[in-house]
file model.pdb (PDB, C-alpha atoms)
ATOM      1  CA  ILE A 190     150.131 112.080 109.872
ATOM      2  CA  GLU A 191     150.844 115.830 109.918
ATOM      3  CA  THR A 192     147.241 116.515 108.860
ATOM      4  CA  LEU A 193     145.950 114.144 111.552
ATOM      5  CA  SER A 194     148.017 116.014 114.127
ATOM      6  CA  TRP A 195     146.483 119.291 112.968
ATOM      7  CA  LEU A 196     142.991 117.782 113.199
ATOM      8  CA  GLU A 197     143.661 116.509 116.729
ATOM      9  CA  ASN A 198     144.652 120.003 117.878
ATOM     10  CA  TYR A 199     141.708 121.610 116.094
ATOM     11  CA  LEU A 200     139.143 119.237 117.608
ATOM     12  CA  GLN A 201     140.602 119.621 121.103
ATOM     13  CA  SER A 202     139.768 123.330 120.943
ATOM     14  CA  TYR A 203     136.357 122.843 119.305
ATOM     15  CA  THR A 204     133.594 124.130 121.610
ATOM     16  CA  GLY A 205     130.704 122.104 120.186
ATOM     17  CA  ALA A 206     129.854 118.424 120.623
ATOM     18  CA  LEU A 207     131.577 115.683 118.631
ATOM     19  CA  LEU A 208     130.396 112.184 117.713
ATOM     20  CA  ILE A 209     133.321 110.304 116.163
ATOM     21  CA  VAL A 210     133.815 106.916 114.519
ATOM     22  CA  SER A 211     137.516 106.112 114.110
ATOM     23  CA  HIS A 212     139.911 103.157 114.095
ATOM     24  CA  ASP A 213     142.856 105.387 115.057
ATOM     25  CA  ARG A 214     143.662 104.629 118.707
ATOM     26  CA  TYR A 215     146.102 107.515 119.193
ATOM     27  CA  PHE A 216     143.624 109.965 117.656
ATOM     28  CA  LEU A 217     140.827 108.783 119.965
ATOM     29  CA  ASP A 218     143.088 109.084 123.004
ATOM     30  CA  LYS A 219     143.835 112.686 122.082
ATOM     31  CA  VAL A 220     140.304 113.808 121.238
ATOM     32  CA  VAL A 221     137.520 111.899 123.012
ATOM     33  CA  ASN A 222     136.418 111.962 126.658
ATOM     34  CA  GLU A 223     133.607 109.385 126.415
ATOM     35  CA  VAL A 224     133.298 106.066 124.583
ATOM     36  CA  TYR A 225     130.182 104.212 123.483
ATOM     37  CA  GLU A 226     130.967 100.606 122.606
ATOM     38  CA  LEU A 227     128.718  98.589 120.279
ATOM     39  CA  SER A 228     129.377  94.867 120.720
ATOM     40  CA  ARG A 229     127.199  91.734 120.588
ATOM     41  CA  ARG A 230     124.113  93.854 119.790
ATOM     42  CA  LYS A 231     124.509  95.911 122.965
ATOM     43  CA  MET A 232     125.791  99.404 123.730
ATOM     44  CA  ARG A 233     127.871 100.302 126.770
ATOM     45  CA  HIS A 234     129.025 103.725 127.908
ATOM     46  CA  TYR A 235     132.417 104.556 129.420
ATOM     47  CA  LYS A 236     133.865 107.834 130.686
ATOM     48  CA  GLY A 237     137.367 108.759 129.531
ATOM     49  CA  ASN A 238     139.494 108.414 126.398
ATOM     50  CA  TYR A 239     140.159 105.189 124.493
ATOM     51  CA  SER A 240     142.930 103.918 126.792
ATOM     52  CA  LYS A 241     140.726 104.593 129.827
ATOM     53  CA  TYR A 242     137.894 102.715 128.114
ATOM     54  CA  LEU A 243     140.143  99.666 127.694
ATOM     55  CA  ASP A 244     141.089  99.786 131.398
ATOM     56  CA  LEU A 245     137.460 100.221 132.541
ATOM     57  CA  LYS A 246     136.294  97.450 130.234
ATOM     58  CA  ALA A 247     138.922  95.067 131.641
ATOM     59  CA  GLU A 248     137.931  95.987 135.208
ATOM     60  CA  GLN A 249     134.264  95.505 134.350
ATOM     61  CA  LEU A 250     134.922  92.070 132.860
ATOM     62  CA  THR A 251     136.914  91.015 135.943
ATOM     63  CA  SER A 252     134.071  92.194 138.191
ATOM     64  CA  GLU A 253     131.474  90.376 136.089
ATOM     65  CA  TRP A 254     133.480  87.131 136.261
ATOM     66  CA  LYS A 255     133.758  87.386 140.056
ATOM     67  CA  ALA A 256     130.002  87.943 140.404
ATOM     68  CA  TYR A 257     129.237  85.121 137.958
ATOM     69  CA  GLU A 258     131.566  82.626 139.662
ATOM     70  CA  LYS A 259     130.211  83.564 143.112
ATOM     71  CA  GLN A 260     126.654  82.953 141.921
ATOM     72  CA  GLN A 261     127.618  79.672 140.223
ATOM     73  CA  THR A 262     129.138  78.458 143.509
ATOM     74  CA  GLU A 263     125.920  79.368 145.342
ATOM     75  CA  ILE A 264     123.777  77.641 142.690
ATOM     76  CA  HIS A 265     125.826  74.453 142.893
ATOM     77  CA  LYS A 266     125.511  74.380 146.697
ATOM     78  CA  LEU A 267     121.738  74.867 146.530
ATOM     79  CA  GLU A 268     121.293  72.254 143.794
ATOM     80  CA  ASP A 269     123.424  69.788 145.718
ATOM     81  CA  PHE A 270     121.390  70.347 148.903
ATOM     82  CA  VAL A 271     118.086  69.862 147.023
ATOM     83  CA  ALA A 272     119.331  66.685 145.309
ATOM     84  CA  ARG A 273     120.460  65.140 148.614
ATOM     85  CA  ASN A 274     117.578  66.213 150.862
ATOM     86  CA  LEU A 275     114.387  66.451 148.806
ATOM     87  CA  VAL A 276     113.382  62.806 149.314
ATOM     88  CA  ARG A 277     114.195  62.703 153.041
ATOM     89  CA  ALA A 278     111.154  63.418 155.185
ATOM     90  CA  SER A 279     113.106  65.306 157.822
ATOM     91  CA  THR A 280     114.665  67.743 155.333
ATOM     92  CA  THR A 281     112.041  67.931 152.560
ATOM     93  CA  LYS A 282     110.746  71.383 153.566
ATOM     94  CA  ARG A 283     114.221  72.879 153.670
ATOM     95  CA  ALA A 284     115.000  71.357 150.277
ATOM     96  CA  GLN A 285     111.778  72.728 148.817
ATOM     97  CA  SER A 286     112.636  76.172 150.201
ATOM     98  CA  ARG A 287     116.033  76.117 148.529
ATOM     99  CA  ARG A 288     114.491  74.955 145.269
ATOM    100  CA  LYS A 289     112.158  77.969 145.352
ATOM    101  CA  THR A 290     115.204  80.168 145.971
ATOM    102  CA  LEU A 291     116.804  78.663 142.881
ATOM    103  CA  GLU A 292     113.675  79.229 140.800
ATOM    104  CA  LYS A 293     113.426  82.898 141.834
ATOM    105  CA  MET A 294     117.115  83.594 141.377
ATOM    106  CA  GLU A 295     117.949  85.995 138.546
ATOM    107  CA  ARG A 296     120.810  84.153 136.921
ATOM    108  CA  LEU A 297     123.770  86.076 135.574
ATOM    109  CA  ASP A 298     124.863  85.411 132.007
ATOM    110  CA  ARG A 299     128.328  83.999 131.493
ATOM    111  CA  PRO A 300     130.564  87.064 130.889
ATOM    112  CA  GLN A 301     131.766  87.523 127.333
ATOM    113  CA  GLY A 302     135.059  89.190 126.528
ATOM    114  CA  ASP A 303     136.049  90.796 123.245
ATOM    115  CA  GLU A 304     134.693  89.663 119.916
ATOM    116  CA  LYS A 305     136.703  86.913 118.245
ATOM    117  CA  GLN A 306     139.993  88.409 117.067
ATOM    118  CA  ALA A 307     142.294  87.609 114.190
ATOM    119  CA  ASN A 308     145.766  86.284 114.966
ATOM    120  CA  PHE A 309     148.155  88.062 112.610
ATOM    121  CA  LEU A 310     151.460  86.237 113.082
ATOM    122  CA  PHE A 311     154.243  86.523 110.502
ATOM    123  CA  SER A 312     157.044  83.963 110.568
ATOM    124  CA  ILE A 313     160.049  83.437 108.293
ATOM    125  CA  GLU A 314     161.252  80.361 106.394
ATOM    126  CA  LYS A 315     164.936  81.252 106.836
ATOM    127  CA  PRO A 316     166.804  84.385 107.981
ATOM    128  CA  SER A 317     168.539  86.755 105.619
ATOM    129  CA  GLY A 318     172.167  87.823 105.760
ATOM    130  CA  ASN A 319     173.131  90.828 107.841
ATOM    131  CA  VAL A 320     172.862  93.201 104.859
ATOM    132  CA  VAL A 321     169.250  93.246 103.636
ATOM    133  CA  LEU A 322     169.049  96.078 101.106
ATOM    134  CA  GLN A 323     171.327  98.851  99.895
ATOM    135  CA  ILE A 324     170.208 101.734  97.687
ATOM    136  CA  GLU A 325     172.723 104.303  96.460
ATOM    137  CA  ASP A 326     172.031 107.785  95.034
ATOM    138  CA  ALA A 327     168.552 106.814  93.860
ATOM    139  CA  ALA A 328     165.746 109.014  92.577
ATOM    140  CA  ILE A 329     162.078 107.970  92.554
ATOM    141  CA  GLY A 330     159.168 109.250  90.520
ATOM    142  CA  TYR A 331     157.378 108.873  87.203
ATOM    143  CA  ASP A 332     158.775 109.635  83.756
ATOM    144  CA  ASP A 333     160.308 113.117  84.045
ATOM    145  CA  VAL A 334     158.807 113.911  87.465
ATOM    146  CA  THR A 335     161.199 113.259  90.352
ATOM    147  CA  LEU A 336     159.496 112.971  93.767
ATOM    148  CA  SER A 337     162.489 112.407  96.055
ATOM    149  CA  GLU A 338     166.276 112.307  95.738
ATOM    150  CA  PRO A 339     168.918 111.408  96.657
ATOM    151  CA  ILE A 340     167.804 108.249  98.441
ATOM    152  CA  ASN A 341     170.539 106.255 100.159
ATOM    153  CA  LEU A 342     169.500 103.277 102.266
ATOM    154  CA  ASP A 343     171.507 100.660 104.097
ATOM    155  CA  ILE A 344     169.024  98.270 105.715
ATOM    156  CA  ARG A 345     170.385  95.667 108.127
ATOM    157  CA  ARG A 346     168.776  92.548 109.596
ATOM    158  CA  GLN A 347     165.979  92.996 112.178
ATOM    159  CA  GLU A 348     165.369  96.656 111.441
ATOM    160  CA  ALA A 349     161.777  97.903 111.425
ATOM    161  CA  ILE A 350     161.603 101.067 109.324
ATOM    162  CA  ALA A 351     158.675 103.487 109.180
ATOM    163  CA  LEU A 352     158.501 105.530 105.998
ATOM    164  CA  VAL A 353     156.831 108.871 106.817
ATOM    165  CA  GLY A 354     156.062 112.095 104.999
ATOM    166  CA  PRO A 355     153.070 113.981 103.548
ATOM    167  CA  ASN A 356     150.669 112.355 101.083
ATOM    168  CA  GLY A 357     151.902 112.427  97.510
ATOM    169  CA  ILE A 358     155.569 112.698  98.476
ATOM    170  CA  GLY A 359     156.483 109.265  97.118
ATOM    171  CA  LYS A 360     156.296 106.803 100.020
ATOM    172  CA  SER A 361     154.320 104.176  98.083
ATOM    173  CA  THR A 362     156.433 104.928  94.997
ATOM    174  CA  LEU A 363     159.615 104.106  96.915
ATOM    175  CA  LEU A 364     158.169 100.800  98.120
ATOM    176  CA  LYS A 365     157.055  99.908  94.594
ATOM    177  CA  SER A 366     160.485 100.848  93.261
ATOM    178  CA  ILE A 367     162.126  98.457  95.731
ATOM    179  CA  ILE A 368     159.977  95.578  94.420
ATOM    180  CA  HIS A 369     160.499  96.747  90.780
ATOM    181  CA  GLN A 370     156.862  97.645  90.090
ATOM    182  CA  ILE A 371     158.051 101.180  89.324
ATOM    183  CA  PRO A 372     161.665 101.556  88.142
ATOM    184  CA  PHE A 373     164.056 103.911  89.907
ATOM    185  CA  ILE A 374     164.714 106.970  87.752
ATOM    186  CA  ARG A 375     168.375 106.471  88.600
ATOM    187  CA  GLY A 376     170.516 104.857  91.279
ATOM    188  CA  LYS A 377     171.743 101.440  92.287
ATOM    189  CA  GLU A 378     169.870  98.802  94.315
ATOM    190  CA  THR A 379     171.511  95.712  95.852
ATOM    191  CA  LEU A 380     169.547  92.982  97.627
ATOM    192  CA  GLY A 381     171.302  91.044 100.384
ATOM    193  CA  THR A 382     171.955  87.310 100.710
ATOM    194  CA  ASN A 383     168.913  85.046 101.222
ATOM    195  CA  VAL A 384     166.539  88.020 101.258
ATOM    196  CA  THR A 385     162.961  87.126 100.303
ATOM    197  CA  ILE A 386     160.456  89.960  99.891
ATOM    198  CA  GLY A 387     156.789  89.951 100.844
ATOM    199  CA  TYR A 388     154.743  92.941  99.676
ATOM    200  CA  TYR A 389     151.386  94.195 100.982
ATOM    201  CA  ASP A 390     149.558  96.541  98.632
ATOM    202  CA  GLN A 391     147.024  98.821 100.336
ATOM    203  CA  GLY A 392     144.808  98.543  97.248
ATOM    204  CA  GLN A 393     144.872  94.716  97.341
ATOM    205  CA  ALA A 394     145.706  94.781  93.621
ATOM    206  CA  ASP A 395     147.302  91.332  93.818
ATOM    207  CA  LEU A 396     143.999  89.624  94.743
ATOM    208  CA  HIS A 397     142.270  87.752  91.903
ATOM    209  CA  THR A 398     138.689  88.731  91.063
ATOM    210  CA  ASN A 399     137.873  85.260  89.700
ATOM    211  CA  LYS A 400     138.806  83.311  92.845
ATOM    212  CA  THR A 401     137.347  82.407  96.219
ATOM    213  CA  ILE A 402     139.173  83.114  99.475
ATOM    214  CA  LEU A 403     140.259  79.465  99.716
ATOM    215  CA  ALA A 404     141.527  79.350  96.126
ATOM    216  CA  GLU A 405     143.420  82.630  96.594
ATOM    217  CA  LEU A 406     145.730  80.923  99.090
ATOM    218  CA  TRP A 407     145.570  77.311  97.956
ATOM    219  CA  ASP A 408     146.525  78.074  94.339
ATOM    220  CA  GLU A 409     149.773  79.603  95.592
ATOM    221  CA  HIS A 410     150.448  76.627  97.901
ATOM    222  CA  PRO A 411     148.978  73.659  95.974
ATOM    223  CA  THR A 412     150.991  71.043  97.883
ATOM    224  CA  THR A 413     149.686  72.259 101.259
ATOM    225  CA  PRO A 414     146.778  70.150 102.600
ATOM    226  CA  GLU A 415     143.387  71.877 102.501
ATOM    227  CA  LYS A 416     142.988  71.590 106.278
ATOM    228  CA  ASP A 417     146.223  73.586 106.743
ATOM    229  CA  ILE A 418     145.020  76.296 104.350
ATOM    230  CA  ARG A 419     141.716  76.458 106.216
ATOM    231  CA  SER A 420     143.576  76.606 109.525
ATOM    232  CA  ALA A 421     145.674  79.516 108.266
ATOM    233  CA  LEU A 422     142.529  81.315 107.102
ATOM    234  CA  GLY A 423     140.881  80.617 110.460
ATOM    235  CA  ALA A 424     143.584  82.657 112.182
ATOM    236  CA  PHE A 425     142.444  85.561 109.984
ATOM    237  CA  LEU A 426     138.752  85.020 110.897
ATOM    238  CA  PHE A 427     137.680  83.028 107.827
ATOM    239  CA  SER A 428     136.069  79.721 108.761
ATOM    240  CA  GLY A 429     133.514  77.222 107.470
ATOM    241  CA  GLU A 430     131.635  78.379 104.384
ATOM    242  CA  ASP A 431     133.260  81.838 104.602
ATOM    243  CA  VAL A 432     136.295  80.524 102.718
ATOM    244  CA  GLU A 433     134.117  79.907  99.626
ATOM    245  CA  LYS A 434     133.218  83.603  99.272
ATOM    246  CA  PRO A 435     134.328  85.146  95.936
ATOM    247  CA  ILE A 436     136.959  87.887  96.306
ATOM    248  CA  PRO A 437     134.820  90.601  94.570
ATOM    249  CA  LEU A 438     132.053  90.209  97.179
ATOM    250  CA  LEU A 439     134.339  90.890 100.140
ATOM    251  CA  SER A 440     134.404  94.118 102.127
ATOM    252  CA  GLY A 441     137.555  96.222 102.261
ATOM    253  CA  GLY A 442     138.423  94.779 105.669
ATOM    254  CA  GLU A 443     137.902  91.196 104.476
ATOM    255  CA  LYS A 444     140.107  91.769 101.422
ATOM    256  CA  ALA A 445     142.792  93.222 103.693
ATOM    257  CA  ARG A 446     142.667  90.106 105.892
ATOM    258  CA  VAL A 447     142.946  87.819 102.836
ATOM    259  CA  ALA A 448     145.983  89.779 101.605
ATOM    260  CA  LEU A 449     147.585  89.590 105.047
ATOM    261  CA  ALA A 450     146.841  85.849 105.242
ATOM    262  CA  LYS A 451     148.645  85.382 101.906
ATOM    263  CA  LEU A 452     151.584  87.349 103.252
ATOM    264  CA  ALA A 453     151.736  85.211 106.414
ATOM    265  CA  MET A 454     151.614  81.960 104.396
ATOM    266  CA  ASN A 455     154.626  82.942 102.274
ATOM    267  CA  LYS A 456     156.989  83.349 105.273
ATOM    268  CA  GLU A 457     159.326  85.872 103.610
ATOM    269  CA  ASN A 458     161.975  87.567 105.744
ATOM    270  CA  PHE A 459     161.623  91.137 104.398
ATOM    271  CA  LEU A 460     158.113  92.585 104.587
ATOM    272  CA  ILE A 461     157.273  95.713 102.591
ATOM    273  CA  LEU A 462     153.923  96.969 103.840
ATOM    274  CA  ASP A 463     151.992  99.863 102.305
ATOM    275  CA  GLU A 464     149.345 100.972 104.810
ATOM    276  CA  PRO A 465     148.747  97.481 106.304
ATOM    277  CA  THR A 466     145.975  98.652 108.649
ATOM    278  CA  ASN A 467     143.807 100.410 106.058
ATOM    279  CA  HIS A 468     140.206  99.078 106.096
ATOM    280  CA  LEU A 469     140.764  97.056 109.293
ATOM    281  CA  ASP A 470     138.703  97.351 112.481
ATOM    282  CA  MET A 471     140.263  98.280 115.825
ATOM    283  CA  GLU A 472     140.771  94.693 117.010
ATOM    284  CA  SER A 473     142.430  93.657 113.734
ATOM    285  CA  ILE A 474     144.671  96.748 113.804
ATOM    286  CA  THR A 475     145.813  95.773 117.307
ATOM    287  CA  SER A 476     146.519  92.222 116.103
ATOM    288  CA  VAL A 477     148.523  93.460 113.079
ATOM    289  CA  ASN A 478     150.428  95.731 115.444
ATOM    290  CA  GLU A 479     151.340  92.767 117.671
ATOM    291  CA  GLY A 480     152.256  90.598 114.682
ATOM    292  CA  MET A 481     154.618  93.245 113.318
ATOM    293  CA  LYS A 482     156.245  93.748 116.724
ATOM    294  CA  LYS A 483     156.933  90.003 117.055
ATOM    295  CA  PHE A 484     158.237  89.561 113.490
ATOM    296  CA  THR A 485     161.900  88.482 113.505
ATOM    297  CA  GLY A 486     162.722  89.556 109.960
ATOM    298  CA  ASN A 487     162.883  93.044 108.430
ATOM    299  CA  ILE A 488     160.027  95.472 107.854
ATOM    300  CA  ILE A 489     159.707  98.730 105.961
ATOM    301  CA  PHE A 490     156.212 100.178 106.091
ATOM    302  CA  THR A 491     154.012 103.204 105.622
ATOM    303  CA  SER A 492     151.141 103.936 107.999
ATOM    304  CA  HIS A 493     148.933 106.765 109.219
ATOM    305  CA  ASP A 494     148.480 104.924 112.528
ATOM    306  CA  HIS A 495     150.593 106.795 115.080
ATOM    307  CA  GLN A 496     150.500 104.021 117.701
ATOM    308  CA  LEU A 497     151.562 101.314 115.240
ATOM    309  CA  THR A 498     154.386 103.494 113.942
ATOM    310  CA  GLN A 499     155.554 104.266 117.472
ATOM    311  CA  THR A 500     155.433 100.694 118.788
ATOM    312  CA  VAL A 501     156.880  98.882 115.735
ATOM    313  CA  ALA A 502     159.526 101.136 114.164
ATOM    314  CA  ASN A 503     163.093 101.469 115.435
ATOM    315  CA  ARG A 504     164.124 103.655 112.508
ATOM    316  CA  ILE A 505     162.350 106.564 110.801
ATOM    317  CA  ILE A 506     162.856 107.628 107.183
ATOM    318  CA  ASP A 507     161.150 110.938 106.437
ATOM    319  CA  LEU A 508     160.600 112.055 102.829
ATOM    320  CA  LYS A 509     160.448 115.855 102.837
ATOM    321  CA  GLN A 510     158.567 118.253 100.564
ATOM    322  CA  ASP A 511     161.820 119.639  99.148
ATOM    323  CA  GLY A 512     162.767 116.143  97.946
ATOM    324  CA  THR A 513     165.361 115.468 100.643
ATOM    325  CA  VAL A 514     165.367 112.481 103.002
ATOM    326  CA  ILE A 515     165.948 112.354 106.778
ATOM    327  CA  ASP A 516     167.022 108.966 108.167
ATOM    328  CA  ARG A 517     167.291 108.441 111.944
ATOM    329  CA  GLU A 518     167.518 105.334 114.166
ATOM    330  CA  VAL A 519     164.929 106.402 116.745
ATOM    331  CA  THR A 520     161.320 105.623 117.673
ATOM    332  CA  TYR A 521     158.594 107.743 116.124
ATOM    333  CA  ASN A 522     157.877 109.699 119.315
ATOM    334  CA  GLU A 523     161.591 110.413 119.729
ATOM    335  CA  TYR A 524     161.689 111.648 116.146
ATOM    336  CA  LEU A 525     158.742 113.981 116.818
ATOM    337  CA  GLY A 526     160.236 115.120 120.121
ATOM    338  CA  ILE A 527     157.264 113.876 122.124
TER
END
call {"tool": "encode", "arguments": {"input": "model.pdb", "output": "structure tokens"}}
result
Amino acid sequence: IETLSWLENYLQSYTGALLIVSHDRYFLDKVVNEVYELSRRKMRHYKGNYSKYLDLKAEQLTSEWKAYEKQQTEIHKLEDFVARNLVRASTTKRAQSRRKTLEKMERLDRPQGDEKQANFLFSIEKPSGNVVLQIEDAAIGYDDVTLSEPINLDIRRQEAIALVGPNGIGKSTLLKSIIHQIPFIRGKETLGTNVTIGYYDQGQADLHTNKTILAELWDEHPTTPEKDIRSALGAFLFSGEDVEKPIPLLSGGEKARVALAKLAMNKENFLILDEPTNHLDMESITSVNEGMKKFTGNIIFTSHDHQLTQTVANRIIDLKQDGTVIDREVTYNEYLGI
């Protein structure tokens, strides 16, 4: 995130032209002053940053609906008049005139909103106790290389924690240590009562290369009816024959949606998410953002998405270059002093 902040400042002072493709909403708001949208095989141009584009697009859609509904009302009136008066001798000419008006009318297409969006909702089977996780005097790293210490965490129910710090500092290592993929070098870890952990790996390493999308979920929930599995996948934009695609043939974004669908199906109350928006398009990132905000359990996550970090987290844990840890119960913008 620090490097992104530097890039934002650098590009704002750049005197040449920029053409940017990015899924980072905060970055686009800071840098761009025009937006070209490609959707449904058409391009549209908007003046302003990304937030302004969203406002203009919403206004445009409202205007298009008003024009469409007004024309539909006019068409129905004309068609009704023609149907009632065409066969009557006294009104035939007027009916024929209105029919010609209908034939010459340039009909507006029914307005279309956003592309179909995924619905990333995460629910829990049962709540945890008040104490979720405690870590005392821990050190993380590999073999003889310590990345950060001392780490002391006391995570309570309904906290949403953003883990921040430069690349390579040990954020993913800490998450993997919590789920015992990488052992703590030293320290004590205590999991709370009724805590169930769901883990999202940014590399999608837990997906099976010999399975289809449907089998990836159904094999973990064999007693769930197929229609329910398909319904769950439909919320993540997999429908019809799509669910028979083999995992190795999926794009990065599709694999991310499968992994998130698996996470949603498991209904754990403590989500550990390592870069959950990597590979996703803008609409899916927004949906993940909303799903995380509405989640009633606990979350600890890493992300380079400033807006997601700001809108989801109510506590910031910052791993510093010198190995120390800063832990504050604030939003991300408050932590940065913005």
call {"tool": "resolve_selection", "arguments": {"input": "model.pdb", "expression": "the PyMOL selection byres ((chain A and resi 512) around 10)", "output": "list in words"}}
result
Ala328, Ile329, Thr335, Leu336, Ser337, Glu338, Pro339, Ile340, Ile358, Gly359, Leu508, Lys509, Gln510, Asp511, Thr513 and Val514 of chain A
call {"tool": "residues_around", "arguments": {"input": "model.pdb", "residues": "Met471 (chain A)", "least_positions_apart": "4", "cutoff": "9 Å", "atoms": "only C-alpha atoms", "output": "list in words"}}
result
Ser211, His212, Asp213, Arg214, Thr475 and Ser476 of chain A
call {"tool": "write_last_selection", "arguments": {"input": "model.pdb", "atoms": "C-alpha atoms", "output": "PDB file, keeping the file's coordinate frame"}}
result
ATOM      1  CA  SER A 211     137.516 106.112 114.110  1.00  0.00           C
ATOM      2  CA  HIS A 212     139.911 103.157 114.095  1.00  0.00           C
ATOM      3  CA  ASP A 213     142.856 105.387 115.057  1.00  0.00           C
ATOM      4  CA  ARG A 214     143.662 104.629 118.707  1.00  0.00           C
ATOM      5  CA  THR A 475     145.813  95.773 117.307  1.00  0.00           C
ATOM      6  CA  SER A 476     146.519  92.222 116.103  1.00  0.00           C
TER       7      SER A 476
END
call {"tool": "residues_around", "arguments": {"input": "model.pdb", "residues": "region 387-395 of chain A", "least_positions_apart": "2", "cutoff": "8 Å", "atoms": "only C-alpha atoms", "output": "number ranges by chain"}}
result
A: 368, 385, 397, 444-445, 448-449, 452, 455-465, 467
call {"tool": "resolve_selection", "arguments": {"input": "model.pdb", "expression": "the PyMOL selection byres ((chain A and resi 423) around 12)", "output": "VMD selection string"}}
result
chain A and resid 305 to 309 402 to 403 416 to 422 424 to 432 446 to 447 450
call {"tool": "residues_around", "arguments": {"input": "model.pdb", "residues": "Ile324 (chain A)", "least_positions_apart": "2", "cutoff": "12 Å", "atoms": "only C-alpha atoms", "output": "short mmCIF file (atom, residue, chain, number, x, y, z; two decimals) with C-alpha atoms, in the frame of the given file"}}
result
data_model
loop_
_atom_site.label_atom_id
_atom_site.label_comp_id
_atom_site.auth_asym_id
_atom_site.auth_seq_id
_atom_site.Cartn_x
_atom_site.Cartn_y
_atom_site.Cartn_z
CA VAL A 320 172.86 93.20 104.86
CA VAL A 321 169.25 93.25 103.64
CA LEU A 322 169.05 96.08 101.11
CA ASP A 326 172.03 107.78 95.03
CA ALA A 327 168.55 106.81 93.86
CA ALA A 328 165.75 109.01 92.58
CA ILE A 329 162.08 107.97 92.55
CA GLU A 338 166.28 112.31 95.74
CA PRO A 339 168.92 111.41 96.66
CA ILE A 340 167.80 108.25 98.44
CA ASN A 341 170.54 106.26 100.16
CA LEU A 342 169.50 103.28 102.27
CA ASP A 343 171.51 100.66 104.10
CA ILE A 344 169.02 98.27 105.72
CA LEU A 363 159.62 104.11 96.92
CA SER A 366 160.49 100.85 93.26
CA ILE A 367 162.13 98.46 95.73
CA PHE A 373 164.06 103.91 89.91
CA ARG A 375 168.38 106.47 88.60
CA GLY A 376 170.52 104.86 91.28
CA LYS A 377 171.74 101.44 92.29
CA GLU A 378 169.87 98.80 94.32
CA THR A 379 171.51 95.71 95.85
CA LEU A 380 169.55 92.98 97.63
CA GLY A 381 171.30 91.04 100.38
#
call {"tool": "closest_residue", "arguments": {"input": "model.pdb", "among": "A:Ala404, A:Leu396, A:Val224, A:Ile515", "to": "Pro437 (chain A)", "atoms": "all atoms listed in the file"}}
result
A:Leu396
call {"tool": "closest_residue", "arguments": {"input": "model.pdb", "among": "A:Phe216, A:Gly205, A:Glu479, A:Leu439", "to": "His495 (chain A)", "atoms": "only C-alpha atoms"}}
result
A:Phe216
call {"tool": "atom_distance", "arguments": {"input": "model.pdb", "atom1": "CA of Gln496 (chain A)", "atom2": "CA of Asn478 (chain A)"}}
result
8.6 Å
